[in-house]
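Quick look at structure38.txt (compact mmCIF, C-alpha atoms):
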```txt
# COMPACT_ATOMS: atom_id res chain seq x y z
CA MET R 1 17.10 -20.24 -3.26
CA LYS R 2 13.97 -21.95 -2.00
CA PRO R 3 14.45 -25.71 -1.79
CA LYS R 4 11.70 -28.01 -2.97
CA PHE R 5 10.66 -30.82 -0.64
CA TRP R 6 8.70 -33.98 -1.34
CA LYS R 7 7.26 -36.74 0.76
CA LEU R 8 8.32 -40.14 -0.56
CA SER R 9 6.72 -43.23 0.90
CA GLN R 10 8.01 -46.72 0.25
CA SER R 11 5.01 -48.54 1.65
CA PRO R 12 5.34 -51.64 3.87
CA ASP R 13 2.92 -53.25 1.38
CA TYR R 14 5.81 -53.39 -1.10
CA PHE R 15 8.96 -52.95 0.98
CA SER R 16 10.00 -54.86 4.07
CA PHE R 17 12.29 -52.95 6.40
CA GLU R 18 15.22 -55.00 5.05
CA GLU R 19 14.33 -53.91 1.53
CA LEU R 20 14.01 -50.33 2.68
CA SER R 21 17.46 -50.54 4.33
CA SER R 22 18.88 -52.10 1.22
CA SER R 23 17.46 -49.31 -0.94
CA ILE R 24 19.10 -46.77 1.38
CA GLU R 25 22.43 -48.60 1.25
CA ASN R 26 22.19 -48.62 -2.53
CA LYS R 27 21.13 -44.99 -2.48
CA LEU R 28 18.11 -45.64 -4.67
CA VAL R 29 14.47 -44.74 -4.05
CA TYR R 30 11.58 -46.39 -5.83
CA VAL R 31 8.10 -45.41 -6.95
CA HIS R 32 5.80 -47.34 -9.24
CA SER R 33 5.26 -45.38 -12.43
CA LYS R 34 1.51 -46.11 -12.36
CA THR R 35 0.99 -44.64 -8.90
CA LYS R 36 -2.16 -42.61 -9.28
CA ALA R 37 -2.63 -38.88 -8.92
CA LYS R 38 -3.80 -37.38 -5.65
CA GLY R 39 -7.16 -35.60 -5.71
CA GLY R 40 -7.83 -33.82 -8.94
CA SER R 41 -4.20 -33.45 -9.96
CA SER R 42 -3.65 -33.96 -13.68
CA GLU R 43 -0.25 -35.55 -13.10
CA THR R 44 0.17 -38.95 -11.48
CA GLN R 45 2.50 -39.39 -8.53
CA GLY R 46 4.54 -41.75 -10.70
CA ASP R 47 5.00 -39.01 -13.31
CA LYS R 48 5.87 -36.50 -10.61
CA PHE R 49 8.58 -38.82 -9.32
CA ILE R 50 10.00 -39.23 -12.81
CA GLY R 51 9.85 -35.50 -13.46
CA ALA R 52 11.11 -34.17 -10.12
CA ASN R 53 14.25 -32.11 -10.50
CA VAL R 54 17.69 -33.37 -9.58
CA GLY R 55 18.50 -31.41 -6.42
CA ASP R 56 15.00 -31.65 -4.98
CA TYR R 57 14.83 -32.92 -1.40
CA PHE R 58 12.58 -35.63 -0.03
CA TYR R 59 11.94 -37.30 3.26
CA LEU R 60 11.52 -41.03 3.17
CA THR R 61 8.78 -42.79 5.08
CA HIS R 62 7.81 -46.41 5.39
CA GLY R 63 4.08 -45.77 5.14
CA ASN R 64 3.21 -44.20 8.47
CA THR R 65 5.34 -46.61 10.46
CA GLY R 66 8.28 -44.25 10.53
CA ILE R 67 10.27 -41.43 9.00
CA TYR R 68 13.76 -42.53 8.10
CA LEU R 69 15.80 -39.99 6.24
CA LEU R 70 16.10 -36.74 4.39
CA GLY R 71 17.62 -37.18 0.96
CA GLN R 72 18.36 -35.25 -2.19
CA LEU R 73 17.76 -36.59 -5.68
CA THR R 74 21.05 -36.80 -7.56
CA GLY R 75 20.04 -38.36 -10.84
CA SER R 76 17.27 -39.02 -13.30
CA ALA R 77 14.78 -41.86 -13.38
CA ASN R 78 15.71 -45.39 -14.37
CA ILE R 79 12.86 -47.42 -15.83
CA PHE R 80 14.87 -50.66 -15.91
CA SER R 81 14.57 -51.01 -12.19
CA SER R 82 15.54 -54.16 -10.29
CA MET R 83 12.09 -53.93 -8.64
CA GLY R 84 10.54 -55.08 -11.90
CA LYS R 85 8.04 -53.93 -14.49
CA GLY R 86 6.56 -50.51 -13.93
CA TRP R 87 8.90 -49.55 -11.11
CA VAL R 88 11.20 -46.59 -11.45
CA ASP R 89 14.23 -45.81 -9.30
CA ARG R 90 16.24 -42.66 -8.79
CA PRO R 91 19.60 -42.17 -7.08
CA PHE R 92 19.96 -39.91 -4.08
CA ARG R 93 22.38 -38.80 -1.43
CA VAL R 94 21.72 -38.92 2.26
CA ILE R 95 21.39 -35.51 3.86
CA ARG R 96 20.49 -36.75 7.31
CA THR R 97 18.97 -39.80 8.96
CA ALA R 98 15.93 -39.14 11.16
CA LYS R 99 15.95 -39.23 14.93
CA PRO R 100 14.18 -42.27 16.40
CA ASN R 101 10.51 -41.41 16.09
CA SER R 102 7.01 -42.56 16.89
CA ARG R 103 4.07 -42.66 14.51
CA TYR R 104 3.37 -39.20 13.10
CA ILE R 105 0.26 -37.62 14.60
CA GLY R 106 0.64 -34.06 13.32
CA ALA R 107 -1.37 -32.12 10.78
CA LYS R 108 -2.89 -34.21 8.01
CA LYS R 109 -1.52 -32.98 4.73
CA TRP R 110 -0.85 -34.70 1.44
CA TRP R 111 2.84 -34.41 2.20
CA ALA R 112 2.45 -35.82 5.73
CA PRO R 113 3.18 -39.45 6.68
CA ASN R 114 -0.40 -40.03 7.89
CA GLU R 115 -1.82 -39.34 4.42
CA ASN R 116 -2.17 -42.15 1.94
CA SER R 117 0.20 -40.68 -0.61
CA THR R 118 3.42 -41.80 -2.26
CA PHE R 119 5.17 -38.83 -3.81
CA THR R 120 3.77 -35.41 -3.08
CA SER R 121 5.43 -32.03 -2.90
CA VAL R 122 5.27 -29.44 -0.18
CA LYS R 123 3.73 -26.21 -1.43
CA GLY R 124 5.86 -23.12 -0.92
CA SER R 125 3.08 -21.62 1.19
CA GLU R 126 3.26 -24.62 3.55
CA LEU R 127 7.02 -24.66 3.99
CA ALA R 128 6.79 -23.22 7.51
CA MET R 129 4.33 -25.94 8.49
CA PHE R 130 6.54 -28.60 6.92
CA GLU R 131 9.48 -27.24 8.87
CA GLU R 132 7.49 -27.33 12.11
CA HIS R 133 6.06 -30.83 11.63
CA ILE R 134 8.86 -32.64 9.79
CA LEU R 135 12.20 -30.86 9.46
CA GLN R 136 12.58 -29.71 13.05
CA PRO R 137 11.25 -32.66 15.02
CA TYR R 138 12.69 -35.44 12.87
CA PHE R 139 15.85 -33.91 11.43
CA ASN R 140 16.64 -31.04 13.74
CA ILE R 141 16.74 -28.70 10.77
CA GLN R 142 15.82 -25.05 11.07
CA LEU R 143 15.64 -23.57 7.58
CA SER R 144 16.71 -20.12 8.76
CA ASP R 145 20.03 -21.64 9.86
CA TYR R 146 20.65 -22.29 6.18
CA GLY R 147 19.48 -18.89 4.98
CA VAL R 148 16.07 -20.11 3.83
CA LYS R 149 12.97 -18.14 4.72
CA ALA R 150 10.14 -20.57 5.34
CA ILE R 151 7.45 -17.90 4.94
CA MET X 152 49.46 -27.26 0.18
CA LYS X 153 50.56 -30.24 2.21
CA ASN X 154 49.69 -32.58 -0.67
CA LYS X 155 51.46 -30.41 -3.19
CA ASN X 156 54.62 -30.50 -1.15
CA LEU X 157 54.33 -34.22 -0.76
CA ILE X 158 53.92 -34.69 -4.50
CA GLU X 159 56.94 -32.52 -5.14
CA VAL X 160 59.00 -34.41 -2.62
CA VAL X 161 57.97 -37.77 -4.03
CA LEU X 162 58.61 -36.69 -7.61
CA ASP X 163 61.97 -35.22 -6.68
CA ASN X 164 63.05 -38.38 -4.96
CA SER X 165 61.26 -40.98 -6.99
CA GLU X 166 64.02 -41.44 -9.53
CA VAL X 167 66.55 -42.23 -6.82
CA ALA X 168 64.01 -44.31 -4.95
CA LEU X 169 63.16 -46.21 -8.10
CA ASP X 170 66.77 -47.15 -8.74
CA GLN X 171 67.28 -48.22 -5.14
CA LEU X 172 64.11 -50.26 -5.05
CA VAL X 173 64.82 -51.97 -8.35
CA GLU X 174 68.19 -52.98 -6.99
CA SER X 175 66.65 -54.26 -3.77
CA GLY X 176 64.89 -56.91 -5.81
CA TRP X 177 61.76 -57.71 -3.83
CA VAL X 178 59.56 -55.44 -5.94
CA LYS X 179 59.96 -57.65 -8.99
CA ASP X 180 58.45 -60.55 -7.05
CA ILE X 181 55.05 -58.86 -6.94
CA PRO X 182 53.14 -59.83 -10.07
CA VAL X 183 52.02 -56.95 -12.32
CA VAL X 184 53.43 -54.37 -9.88
CA GLY X 185 56.95 -55.64 -10.41
CA SER X 186 56.60 -55.52 -14.22
CA ALA X 187 55.18 -52.00 -14.14
CA PHE X 188 57.93 -50.91 -11.82
CA LYS X 189 60.59 -52.35 -14.07
CA LEU X 190 59.06 -50.58 -17.06
CA MET X 191 59.00 -47.29 -15.18
CA SER X 192 62.61 -47.55 -14.15
CA ALA X 193 63.57 -47.98 -17.80
CA SER X 194 61.49 -45.12 -19.16
CA LYS X 195 62.53 -41.50 -18.75
CA GLU X 196 59.01 -40.22 -19.44
CA LEU X 197 57.45 -42.52 -16.86
CA LYS X 198 60.08 -41.60 -14.31
CA ASN X 199 58.69 -38.08 -14.12
CA SER X 200 55.03 -39.01 -14.23
CA MET X 201 52.43 -38.76 -11.50
CA PHE X 202 51.83 -42.48 -11.90
CA ASN X 203 55.46 -43.06 -11.00
CA ALA X 204 55.04 -40.87 -7.93
CA LYS X 205 52.07 -42.95 -6.83
CA VAL X 206 53.73 -46.31 -7.44
CA SER X 207 56.92 -45.15 -5.72
CA LYS X 208 54.97 -43.91 -2.72
CA PHE X 209 53.15 -47.24 -2.51
CA ILE X 210 56.38 -49.22 -2.69
CA GLU X 211 58.21 -47.04 -0.20
CA SER X 212 55.30 -47.29 2.21
CA LEU X 213 55.17 -51.03 1.71
CA GLU X 214 58.82 -51.30 2.61
CA GLU X 215 58.14 -49.24 5.74
CA THR X 216 55.58 -51.79 6.92
CA GLY X 217 58.41 -54.29 7.27
CA VAL X 218 56.48 -56.98 5.38
CA THR X 219 58.98 -57.05 2.54
CA ASP X 220 61.70 -58.31 4.92
CA ARG X 221 59.65 -61.34 5.87
CA THR X 222 59.91 -64.70 4.23
CA ASP X 223 56.09 -64.77 4.04
CA PHE X 224 56.37 -62.09 1.40
CA ILE X 225 58.41 -64.07 -1.10
CA SER X 226 56.78 -67.41 -0.33
CA PHE X 227 53.30 -65.95 -0.67
CA PHE X 228 53.89 -64.91 -4.26
CA ALA X 229 55.72 -68.11 -5.03
CA LYS X 230 52.82 -70.38 -4.02
CA ASN X 231 49.74 -68.50 -5.27
CA SER X 232 50.43 -67.54 -8.84
CA GLU X 233 46.88 -67.02 -10.13
CA GLU X 234 45.68 -65.32 -7.00
CA SER X 235 48.76 -63.14 -6.75
CA VAL X 236 48.40 -61.95 -10.35
CA ARG X 237 44.83 -60.91 -9.61
CA VAL X 238 45.94 -59.11 -6.47
CA GLY X 239 48.79 -57.43 -8.34
CA GLN X 240 46.28 -56.19 -10.91
CA SER X 241 44.05 -54.84 -8.15
CA VAL X 242 47.01 -52.97 -6.67
CA MET X 243 47.99 -51.37 -9.96
CA LEU X 244 44.43 -50.43 -10.92
CA THR X 245 43.85 -48.94 -7.48
CA ILE X 246 47.07 -46.94 -7.69
CA ASP X 247 46.09 -45.74 -11.14
CA ASN X 248 42.81 -44.40 -9.73
CA MET X 249 44.41 -42.70 -6.74
CA ASN X 250 43.82 -38.98 -6.42
CA ASP X 251 45.80 -38.50 -3.23
CA LEU X 252 49.26 -39.78 -2.35
CA GLU X 253 48.24 -40.44 1.26
CA LYS X 254 46.03 -43.20 -0.07
CA CYS X 255 49.10 -45.02 -1.43
CA SER X 256 50.33 -45.44 2.10
CA ILE X 257 46.92 -46.79 3.22
CA LEU X 258 46.93 -49.19 0.28
CA SER X 259 50.40 -50.45 1.17
CA ARG X 260 49.30 -51.21 4.75
CA TRP X 261 46.19 -52.96 3.46
CA PHE X 262 48.35 -54.95 1.05
CA ALA X 263 50.73 -55.90 3.87
CA ALA X 264 47.77 -57.16 5.90
CA TYR X 265 46.79 -59.34 2.97
CA ILE X 266 50.30 -60.78 2.63
CA LEU X 267 50.27 -61.55 6.36
CA GLU X 268 46.89 -63.29 5.86
CA LYS X 269 45.03 -60.99 8.20
CA ILE X 270 42.45 -60.51 5.45
CA SER X 271 41.20 -62.64 2.57
CA GLN X 272 41.75 -61.91 -1.09
CA GLN X 273 38.14 -60.79 -1.45
CA GLU X 274 38.48 -58.45 1.51
CA PHE X 275 41.67 -57.09 0.03
CA ARG X 276 40.00 -56.32 -3.30
CA ARG X 277 36.94 -54.87 -1.59
CA GLY X 278 39.25 -52.63 0.41
CA CYS X 279 41.03 -51.52 -2.77
CA ASP X 280 37.69 -50.37 -4.10
CA VAL X 281 36.98 -48.42 -0.91
CA ILE X 282 40.43 -46.81 -0.86
CA ALA X 283 40.15 -45.76 -4.51
CA LYS X 284 36.71 -44.21 -4.18
CA LEU X 285 36.68 -42.39 -0.85
CA PHE X 286 37.85 -38.89 -0.06
CA ALA X 287 41.28 -39.30 1.57
CA ASP X 288 40.43 -37.26 4.68
CA ASP X 289 37.25 -39.27 5.32
CA LEU X 290 39.22 -42.45 4.90
CA ALA X 291 41.89 -41.32 7.37
CA ASP X 292 39.30 -40.11 9.90
CA PHE X 293 37.45 -43.42 9.69
CA ILE X 294 40.61 -45.48 10.18
CA ASN X 295 41.88 -43.30 13.01
CA ASP X 296 38.55 -43.22 14.85
CA ASP X 297 38.57 -39.47 14.49
CA TYR X 298 34.97 -38.89 13.46
CA SER X 299 31.43 -38.31 14.62
CA TYR X 300 28.13 -39.76 13.38
CA PRO X 301 27.73 -37.53 10.28
CA LEU X 302 30.74 -39.22 8.69
CA LEU X 303 28.99 -42.60 8.97
CA GLU X 304 25.95 -41.07 7.26
CA LEU X 305 28.23 -39.80 4.54
CA LEU X 306 29.64 -43.29 4.11
CA ILE X 307 26.24 -44.91 3.52
CA GLY X 308 26.49 -46.72 0.22
CA THR X 309 30.09 -47.81 0.81
CA ASP X 310 31.15 -51.20 2.13
CA LEU X 311 32.30 -49.61 5.38
CA VAL X 312 28.80 -48.88 6.63
CA LYS X 313 25.43 -50.58 6.74
CA VAL X 314 21.97 -49.31 7.60
CA GLU X 315 20.25 -50.72 10.67
CA GLY X 316 16.99 -50.04 12.44
CA GLY X 317 13.30 -50.58 11.87
CA LEU X 318 10.22 -50.56 14.00
CA ILE X 319 11.00 -51.02 17.67
CA ASP X 320 8.19 -52.33 19.92
CA ASP X 321 5.62 -51.51 17.20
CA ASP X 322 5.90 -47.89 18.15
CA VAL X 323 9.27 -46.23 17.65
CA SER X 324 11.03 -46.36 14.32
CA SER X 325 14.69 -45.73 14.01
CA ILE X 326 17.41 -45.90 11.46
CA GLU X 327 21.13 -45.43 11.74
CA ALA X 328 24.31 -45.89 9.83
CA VAL X 329 26.58 -48.35 11.64
CA ILE X 330 29.97 -49.78 10.81
CA SER X 331 29.63 -52.99 8.82
CA ASP X 332 31.59 -56.16 9.59
CA PHE X 333 33.89 -55.35 6.72
CA GLY X 334 34.21 -51.75 7.91
CA ARG X 335 35.28 -52.99 11.33
CA THR X 336 37.91 -55.30 9.82
CA PHE X 337 39.14 -52.47 7.58
CA LYS X 338 39.46 -50.08 10.49
CA VAL X 339 41.03 -52.55 12.94
CA VAL X 340 43.55 -53.92 10.46
CA LEU X 341 44.67 -50.51 9.20
CA ASN X 342 44.62 -48.94 12.63
CA SER X 343 46.77 -51.69 14.11
CA SER X 344 49.20 -51.49 11.19
CA LEU X 345 49.55 -47.79 11.89
CA GLN X 346 50.24 -48.42 15.58
CA GLY X 347 52.80 -51.05 14.67
CA SER X 348 54.66 -48.93 12.13
```

As structure tokens, what does this structure read like?
Amino acid sequence: MKPKFWKLSQSPDYFSFEELSSSIENKLVYVHSKTKAKGGSSETQGDKFIGANVGDYFYLTHGNTGIYLLGQLTGSANIFSSMGKGWVDRPFRVIRTAKPNSRYIGAKKWWAPNENSTFTSVKGSELAMFEEHILQPYFNIQLSDYGVKAI
Amino acid sequence: MKNKNLIEVVLDNSEVALDQLVESGWVKDIPVVGSAFKLMSASKELKNSMFNAKVSKFIESLEETGVTDRTDFISFFAKNSEESVRVGQSVMLTIDNMNDLEKCSILSRWFAAYILEKISQQEFRRGCDVIAKLFADDLADFINDDYSYPLLELLIGTDLVKVEGGLIDDDVSSIEAVISDFGRTFKVVLNSSLQGS
């Protein structure tokens, strides 16, 4: 089985750290349903968030101020979110919290914290790079330890 | 296997225990719990039920805490009728949701702490919720301080743990699961009751 990973950013423009903490305590992540598509993608990031499979993994960032946790989506989208009109939330479980970290300065990819994106997936062909730049340094996760071939 | 044996033992002995406890009298003083207990002692079907095993285990464990010998026990229920009914309901609903007999013993110690006014009514009910929902081994490890950080991560989303962190010095961001104020009270109260028993 090849796991699917996403970057999920809850931007400081919309979430204070207290609100981010609260969302983690409530085990809910939020994306605005009208969040636009990246590049020429036909699907908006909001739609991708709504359509992502239960069981998909994501790492949560607060813009590029920090990477906070690795989670796994455990339920479908709720459009009656406490965040208000247009916001969608989904439940998750915590896989691991991130090690204390400085601002990400690695490769610039749509799935990286230094890219202005909200909910973007990691392509299968870039899994090894994702492992090198995100999973290992922030979560101490080596995919091969879990029987997953990154290449 | 250990749990299965425990269930068998409790079921085997619960009928005798029930009769003894009914005769001892103090059980009937607990609102809701006392009525349920009386009903169980009169019903053959209930005597052999898992619910009976859970209630019996709770009551036996409560007796072991020593709280039932204290005058505080009787006077508490005598003076706070509305509050005590609510607490009695919480006890019975929590017992009904139990999926592990070990939790009945934890609940009895938590209940004893409430009677002895070590915790408030709200804390008691919050604790009932925690005891009902958590995996028994995680609960025991948390109370006994027998855990490492991953358990705290696992407990995110419960009242035992809160999330702390943020941006430190505008440069380093950090997040961690830490024991909440309630979690600390829960652990200290239950841990000390274990030491005392």

Considering all atoms listed in the file, extract the chain R residues located within 7 Å of chain X and return them as a ChimeraX atom specification.
/R:17,21,25-27,65-66,68,94,96-103

Neighbour list for X:Gly334 as a PDB file with C-alpha atoms, in the frame of the given file, cut-off 9 Å, all atoms listed in the file, skip fewer than 2 positions in-chain:
```
ATOM      1  CA  ASP X 310      31.150 -51.200   2.130  1.00  0.00           C
ATOM      2  CA  LEU X 311      32.300 -49.610   5.380  1.00  0.00           C
ATOM      3  CA  VAL X 312      28.800 -48.880   6.630  1.00  0.00           C
ATOM      4  CA  LYS X 313      25.430 -50.580   6.740  1.00  0.00           C
ATOM      5  CA  ILE X 330      29.970 -49.780  10.810  1.00  0.00           C
ATOM      6  CA  SER X 331      29.630 -52.990   8.820  1.00  0.00           C
ATOM      7  CA  ASP X 332      31.590 -56.160   9.590  1.00  0.00           C
ATOM      8  CA  THR X 336      37.910 -55.300   9.820  1.00  0.00           C
ATOM      9  CA  PHE X 337      39.140 -52.470   7.580  1.00  0.00           C
ATOM     10  CA  LYS X 338      39.460 -50.080  10.490  1.00  0.00           C
ATOM     11  CA  VAL X 339      41.030 -52.550  12.940  1.00  0.00           C
TER      12      VAL X 339
END
```

Tell me, in Å to one decimal, how far atom CA of X:Ile225 is from atom CA of X:Ile266.
9.5 Å

Would you list the contacts of stretch 75-85 of chain R as a PyMOL selection string, taking every protein, DNA or RNA residue within 12 Å and counting only C-alpha atoms, but skipping same-chain residues closer than 4 positions in sequence?
chain R and resi 14-15+19+23+26-34+46-56+89-93

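One finds atom CA of R:Ser125 at 6.9 Å from atom CA of R:Ile151.
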
Pick from X:Val218, X:Asn342, X:Val329, X:Asp280 nearest to X:Leu302, counting all atoms listed in the file:
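Ranked by minimum distance to X:Leu302, first place goes to X:Val329.
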
Applying 12 Å and all atoms listed in the file, which residues near X:Gly278 remain after dropping the ones on its own chain fewer than 6 positions away? List them as a count of residues only.
30

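Counting all atoms listed in the file and comparing X:Ile181, X:Asp320, X:Ala283, X:Met201, the residue that lies closest to X:Phe227 is X:Ile181.
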
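If you look at atom CA of R:Thr74 and atom CA of R:Gln142, they are 22.6 Å away from each other.
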
Nearest to R:Asn116 among R:Leu73, R:Ile95, R:Leu8, R:Ile141, with distances taken over all atoms listed in the file: which residue is it?
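Counting all atoms listed in the file, the residue closest to R:Asn116 is R:Leu8.
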
Can you write stretch 77-102 of chain R from the block above with N, CA and C atoms, as a PDB file, in the first residue's frame?
```pdb
ATOM      1  N   ALA R  77     -16.289  15.313   5.022  1.00  0.00           N
ATOM      2  CA  ALA R  77     -16.348  16.768   5.217  1.00  0.00           C
ATOM      3  C   ALA R  77     -17.667  17.204   5.835  1.00  0.00           C
ATOM      4  N   ASN R  78     -17.558  18.198   6.702  1.00  0.00           N
ATOM      5  CA  ASN R  78     -18.744  18.788   7.324  1.00  0.00           C
ATOM      6  C   ASN R  78     -18.849  20.239   6.845  1.00  0.00           C
ATOM      7  N   ILE R  79     -19.947  20.546   6.157  1.00  0.00           N
ATOM      8  CA  ILE R  79     -20.085  21.908   5.628  1.00  0.00           C
ATOM      9  C   ILE R  79     -20.702  22.866   6.653  1.00  0.00           C
ATOM     10  N   PHE R  80     -21.237  22.304   7.742  1.00  0.00           N
ATOM     11  CA  PHE R  80     -21.828  23.177   8.774  1.00  0.00           C
ATOM     12  C   PHE R  80     -20.772  23.459   9.838  1.00  0.00           C
ATOM     13  N   SER R  81     -19.673  24.001   9.386  1.00  0.00           N
ATOM     14  CA  SER R  81     -18.529  24.178  10.270  1.00  0.00           C
ATOM     15  C   SER R  81     -18.715  25.345  11.233  1.00  0.00           C
ATOM     16  N   SER R  82     -18.133  25.213  12.416  1.00  0.00           N
ATOM     17  CA  SER R  82     -18.202  26.297  13.401  1.00  0.00           C
ATOM     18  C   SER R  82     -17.415  27.520  12.929  1.00  0.00           C
ATOM     19  N   MET R  83     -16.558  27.343  11.920  1.00  0.00           N
ATOM     20  CA  MET R  83     -15.787  28.467  11.384  1.00  0.00           C
ATOM     21  C   MET R  83     -16.661  29.418  10.564  1.00  0.00           C
ATOM     22  N   GLY R  84     -17.838  28.971  10.177  1.00  0.00           N
ATOM     23  CA  GLY R  84     -18.752  29.851   9.461  1.00  0.00           C
ATOM     24  C   GLY R  84     -18.940  29.487   7.997  1.00  0.00           C
ATOM     25  N   LYS R  85     -19.634  30.374   7.310  1.00  0.00           N
ATOM     26  CA  LYS R  85     -20.042  30.113   5.926  1.00  0.00           C
ATOM     27  C   LYS R  85     -18.840  29.813   5.024  1.00  0.00           C
ATOM     28  N   GLY R  86     -18.964  28.772   4.260  1.00  0.00           N
ATOM     29  CA  GLY R  86     -17.931  28.442   3.278  1.00  0.00           C
ATOM     30  C   GLY R  86     -16.825  27.548   3.826  1.00  0.00           C
ATOM     31  N   TRP R  87     -16.683  27.502   5.132  1.00  0.00           N
ATOM     32  CA  TRP R  87     -15.631  26.670   5.710  1.00  0.00           C
ATOM     33  C   TRP R  87     -16.102  25.224   5.831  1.00  0.00           C
ATOM     34  N   VAL R  88     -15.136  24.344   5.680  1.00  0.00           N
ATOM     35  CA  VAL R  88     -15.434  22.911   5.772  1.00  0.00           C
ATOM     36  C   VAL R  88     -14.455  22.318   6.776  1.00  0.00           C
ATOM     37  N   ASP R  89     -14.925  21.427   7.630  1.00  0.00           N
ATOM     38  CA  ASP R  89     -13.970  20.756   8.527  1.00  0.00           C
ATOM     39  C   ASP R  89     -14.036  19.248   8.336  1.00  0.00           C
ATOM     40  N   ARG R  90     -12.924  18.621   8.670  1.00  0.00           N
ATOM     41  CA  ARG R  90     -12.874  17.149   8.627  1.00  0.00           C
ATOM     42  C   ARG R  90     -12.157  16.641   9.877  1.00  0.00           C
ATOM     43  N   PRO R  91     -12.635  15.516  10.420  1.00  0.00           N
ATOM     44  CA  PRO R  91     -11.987  14.959  11.608  1.00  0.00           C
ATOM     45  C   PRO R  91     -10.710  14.196  11.249  1.00  0.00           C
ATOM     46  N   PHE R  92      -9.815  14.132  12.199  1.00  0.00           N
ATOM     47  CA  PHE R  92      -8.564  13.407  11.948  1.00  0.00           C
ATOM     48  C   PHE R  92      -8.048  12.786  13.236  1.00  0.00           C
ATOM     49  N   ARG R  93      -7.087  11.928  13.104  1.00  0.00           N
ATOM     50  CA  ARG R  93      -6.375  11.450  14.289  1.00  0.00           C
ATOM     51  C   ARG R  93      -4.918  11.846  14.195  1.00  0.00           C
ATOM     52  N   VAL R  94      -4.330  12.057  15.342  1.00  0.00           N
ATOM     53  CA  VAL R  94      -2.936  12.483  15.385  1.00  0.00           C
ATOM     54  C   VAL R  94      -2.046  11.260  15.189  1.00  0.00           C
ATOM     55  N   ILE R  95      -1.174  11.333  14.207  1.00  0.00           N
ATOM     56  CA  ILE R  95      -0.189  10.262  14.036  1.00  0.00           C
ATOM     57  C   ILE R  95       1.066  10.615  14.835  1.00  0.00           C
ATOM     58  N   ARG R  96       1.506  11.846  14.700  1.00  0.00           N
ATOM     59  CA  ARG R  96       2.688  12.273  15.438  1.00  0.00           C
ATOM     60  C   ARG R  96       2.760  13.807  15.449  1.00  0.00           C
ATOM     61  N   THR R  97       3.197  14.366  16.556  1.00  0.00           N
ATOM     62  CA  THR R  97       3.451  15.809  16.544  1.00  0.00           C
ATOM     63  C   THR R  97       4.876  16.029  16.036  1.00  0.00           C
ATOM     64  N   ALA R  98       5.100  17.202  15.440  1.00  0.00           N
ATOM     65  CA  ALA R  98       6.410  17.476  14.839  1.00  0.00           C
ATOM     66  C   ALA R  98       7.437  17.850  15.897  1.00  0.00           C
ATOM     67  N   LYS R  99       8.690  17.609  15.577  1.00  0.00           N
ATOM     68  CA  LYS R  99       9.764  18.073  16.458  1.00  0.00           C
ATOM     69  C   LYS R  99       9.796  19.596  16.380  1.00  0.00           C
ATOM     70  N   PRO R 100      10.290  20.274  17.411  1.00  0.00           N
ATOM     71  CA  PRO R 100      10.427  21.731  17.306  1.00  0.00           C
ATOM     72  C   PRO R 100      11.204  22.062  16.034  1.00  0.00           C
ATOM     73  N   ASN R 101      10.737  23.019  15.281  1.00  0.00           N
ATOM     74  CA  ASN R 101      11.366  23.273  13.980  1.00  0.00           C
ATOM     75  C   ASN R 101      11.416  24.746  13.615  1.00  0.00           C
ATOM     76  N   SER R 102      12.408  25.068  12.790  1.00  0.00           N
ATOM     77  CA  SER R 102      12.536  26.426  12.273  1.00  0.00           C
ATOM     78  C   SER R 102      11.824  26.509  10.931  1.00  0.00           C
TER      79      SER R 102
END
```
